[in-house]
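Novice: Input: one structure, supplied below.
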Number of protein chains: 2
Amino acid sequence: MKLTKISAIRRKELRQAAFEVLQQEGMAGATLEKVAAHAGASKGIVLHYFRSKQELFEHAMREANLSLSEAVNARLKQATTPCERLEAIIEGNFEERFFRPSICHAWLSLCAEVPREPQLARIQKVIHARMRSNLMSALVHLLPRAECEAVALAITALIDGLWLRAGLQSEGLTRDIALSQMREYLKYRIPR
Amino acid sequence: MKLTKISAIRRKELRQAAFEVLQQEGMAGATLEKVAAHAGASKGIVLHYFRSKQELFEHAMREANLSLSEAVNARLKQATTPCERLEAIIEGNFEERFFRPSICHAWLSLCAEVPREPQLARIQKVIHARMRSNLMSALVHLLPRAECEAVALAITALIDGLWLRAGLQSEGLTRDIALSQMREYLKYRIPR
DNA sequence: TATTTAATTGCCCAGTCGGTCAATAATTGA
DNA sequence: TCAATTATTGACCGACTGGGCAATTAAATA
């Protein structure tokens, strides 16, 4: 039981180290040795817990998404009205600990690998499906059914676009500006 | 004079080859040898015309942007009203030859390198500045000055977000859907 | 304690990549 | 025509990478 625990701990440490290296170095620079060093271990240990580099970053992507997902879900639990649910999704996606240039850059690096890594593509699909599902559960109470799909896509595209800009380290784009962008969109698009 | 011509031709061929390889292989897979092979030349010739791989892809990015820029400008020339100018910018950015999964993926790959390549960052900045400038020249006639900046950012984010999605090879996202997304945003945001 | 099992390391390997360079082919100009 | 310049090639190098592996250490179990 403790044996499995150690392996679980190591795997988590290495996933997180991988994502952190990704933030600073991008995918090309995120070498197994750097990940190991960042986790305070030797390179060999990384391939002891993950079959390959691909598998490591696949789990790193899952972990990072889980973290964001939990933040959104925590906010969703507090929400009671459809409007509050929308706010929860949006604010969750722009929490200070997530909406940072380095983290957005890490996501960008992962997205760039998606077309050549089916596993990453699968994860990406799940992420978007969840986002859409969350949005729809709020939108159906605020809009005619026929419009929901389009608005959900627009919100997703807006979030992605703002994250992209942040990932480019465009200096002017603060969390507040991003949030007000999202709120303004809703203000004009959702009837009240 | 013909000497310079040959070098100009080769450089253009290699820039384009580099961007085309980028579409299929991403940045990590876009090796000098593959670019050379794709252009029907040897690897040595690439470094004869470009000082380094970085410089090559820097020029590839410029070239690709120039192409898109020209498409937008051509449409802008035909436009007379501010509304038509907005349409021109948007339709230019979603022409069939640009809004393709492989091309969006190439852009994504370049964006992922921006934080670690100052030259790419510089180009990216220019691209966004031009986009903003184009948008503002139309928006100032359609909206109160105070709102223009925000709307220009929203349009840019929407475009980027849709391009990102296309770059992820998300199958459902066609040009028509993307265009109708943009039009719907304008419909609700711009008074008439 | 003795033995088995897991964790961890350091070194090695084969392959790849960006980049250099000397040699050759082609082109130009006088 | 002939020298000088340019274009082009292909072999080569050093650096680095992902991955494999045998050896060592630590832990757990009986």
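Chain labels A, B, ... are given in the sequence in which chains occur in the structure tokens; within each chain residues are numbered consecutively from 1, and ligands are likewise numbered from 1 in the order shown.
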Can you work out which residues from chain C touch chain A at a cut-off of 8 Å (counting only C-alpha atoms (C1' of nucleotides)) and hand them back as a PyMOL selection string?

Specialist: chain C and resi 6+8-9

Novice: List as a tab-separated table every residue of chain B that is in contact with chain A, defined as an atom at most 10 Å from one of its atoms (using only C-alpha atoms), together with the nearest atom pair and the distance in Å rounded to one decimal, sorted by chain and then rising number.

Specialist:
residue	atom	partner	partner_atom	distance
B:Gln23	CA	A:Pro115	CA	9.9
B:Gln24	CA	A:Arg116	CA	8.7
B:Glu25	CA	A:Arg116	CA	7.6
B:Gly26	CA	A:Ala112	CA	7.2
B:Met27	CA	A:Ala28	CA	8.5
B:Ala28	CA	A:Ala28	CA	6.5
B:Gly29	CA	A:Arg116	CA	9.8
B:Pro101	CA	A:Pro115	CA	9.3
B:Ser102	CA	A:Pro115	CA	8.9
B:Cys104	CA	A:Ala112	CA	9.9
B:His105	CA	A:Ala112	CA	6.8
B:Ala106	CA	A:Ala112	CA	8.3
B:Trp107	CA	A:Ala112	CA	8.9
B:Leu108	CA	A:Ala112	CA	5.6
B:Ser109	CA	A:Ala112	CA	5.2
B:Leu110	CA	A:Ala112	CA	8.7
B:Cys111	CA	A:Leu168	CA	6.8
B:Ala112	CA	A:Ser109	CA	5.1
B:Glu113	CA	A:Gly26	CA	7.3
B:Val114	CA	A:Leu168	CA	6.2
B:Pro115	CA	A:Leu168	CA	6.1
B:Arg116	CA	A:Glu25	CA	7.6
B:Ala121	CA	A:Leu168	CA	7.6
B:Gln124	CA	A:Leu168	CA	8.4
B:Lys125	CA	A:Ser170	CA	8.1
B:His128	CA	A:Arg165	CA	9.8
B:Ala150	CA	A:Gln181	CA	7.0
B:Val151	CA	A:Gln181	CA	8.4
B:Leu153	CA	A:Gln181	CA	8.2
B:Ala154	CA	A:Gln181	CA	6.7
B:Ile155	CA	A:Leu158	CA	8.7
B:Thr156	CA	A:Gly161	CA	7.6
B:Ala157	CA	A:Gly161	CA	4.1
B:Leu158	CA	A:Leu158	CA	5.0
B:Ile159	CA	A:Gly161	CA	7.2
B:Asp160	CA	A:Gly161	CA	4.9
B:Gly161	CA	A:Gly161	CA	4.0
B:Leu162	CA	A:Ala157	CA	5.6
B:Trp163	CA	A:Gly161	CA	8.7
B:Leu164	CA	A:Asp160	CA	7.4
B:Arg165	CA	A:Ala157	CA	7.6
B:Gly167	CA	A:Pro115	CA	7.8
B:Leu168	CA	A:Pro115	CA	6.1
B:Gln169	CA	A:Pro115	CA	6.7
B:Ser170	CA	A:Lys125	CA	8.1
B:Leu173	CA	A:Leu153	CA	9.8
B:Ile177	CA	A:Ala150	CA	8.7
B:Ala178	CA	A:Ala154	CA	9.3
B:Ser180	CA	A:Ala150	CA	9.0
B:Gln181	CA	A:Ala154	CA	6.7
B:Met182	CA	A:Ala154	CA	8.6
B:Glu184	CA	A:Ala150	CA	9.0
B:Tyr185	CA	A:Arg189	CA	8.0
B:Lys187	CA	A:Arg189	CA	9.5
B:Tyr188	CA	A:Tyr188	CA	6.1
B:Arg189	CA	A:Tyr188	CA	6.2
B:Ile190	CA	A:Tyr188	CA	9.6

Novice: List as a tab-separated table every residue of chain D that is in contact with chain A, defined as an atom at most 10 Å from one of its atoms (using only C-alpha atoms (C1' of nucleotides)), together with the nearest atom pair and the distance in Å rounded to one decimal, sorted by chain and then rising number.

Specialist:
residue	atom	partner	partner_atom	distance
D:DC16	C1'	A:Thr31	CA	10.0
D:DT17	C1'	A:Thr31	CA	7.7
D:DG18	C1'	A:Lys53	CA	7.6
D:DG19	C1'	A:Leu47	CA	7.9
D:DG20	C1'	A:Gly44	CA	9.6
D:DA27	C1'	A:Leu3	CA	9.1
D:DA28	C1'	A:Leu3	CA	9.1

Novice: How about saving the chosen residues, C-alpha atoms (C1' of nucleotides) kept, as a tab-separated table (two decimals), in the first residue's frame?

Specialist:
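Final output, selection13.tsv:
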chain	number	residue	atom	x	y	z
D	16	DC	C1'	22.01	16.78	-27.41
D	17	DT	C1'	17.97	13.65	-26.90
D	18	DG	C1'	14.97	9.81	-25.72
D	19	DG	C1'	15.41	5.63	-24.19
D	20	DG	C1'	17.68	1.18	-22.24
D	27	DA	C1'	12.40	-0.68	1.99
D	28	DA	C1'	9.41	-4.14	3.19

Novice: Please return, as number ranges by chain, all residues of chain B that DSSP assigns to helix (DSSP H, G or I) on the basis of the backbone.

Specialist: B: 2-29, 32-39, 43-49, 53-78, 82-93, 101-116, 118-139, 145-167, 175-189

Novice: So which residues touch Leu179 (chain B) within 9 Å, counting only C-alpha atoms (C1' of nucleotides), skipping near sequence neighbours fewer than 3 positions away, as an MDAnalysis selection string?

Specialist: chainID B and resid 90:91 94 174:176 182:184

Novice: Keeping only C-alpha atoms, take the residues you just selected and write them out as an mmCIF file, in the first residue's frame.

Specialist:
data_model
loop_
_atom_site.group_PDB
_atom_site.id
_atom_site.type_symbol
_atom_site.label_atom_id
_atom_site.label_comp_id
_atom_site.auth_asym_id
_atom_site.auth_seq_id
_atom_site.Cartn_x
_atom_site.Cartn_y
_atom_site.Cartn_z
ATOM 1 C CA ILE B 90 -13.146 39.495 -41.148
ATOM 2 C CA GLU B 91 -13.693 37.814 -44.478
ATOM 3 C CA PHE B 94 -11.377 33.553 -43.031
ATOM 4 C CA THR B 174 -16.005 25.051 -40.885
ATOM 5 C CA ARG B 175 -15.315 28.383 -42.455
ATOM 6 C CA ASP B 176 -19.022 29.119 -42.618
ATOM 7 C CA MET B 182 -18.058 36.746 -36.310
ATOM 8 C CA ARG B 183 -21.133 38.233 -37.954
ATOM 9 C CA GLU B 184 -23.291 37.334 -35.019
#
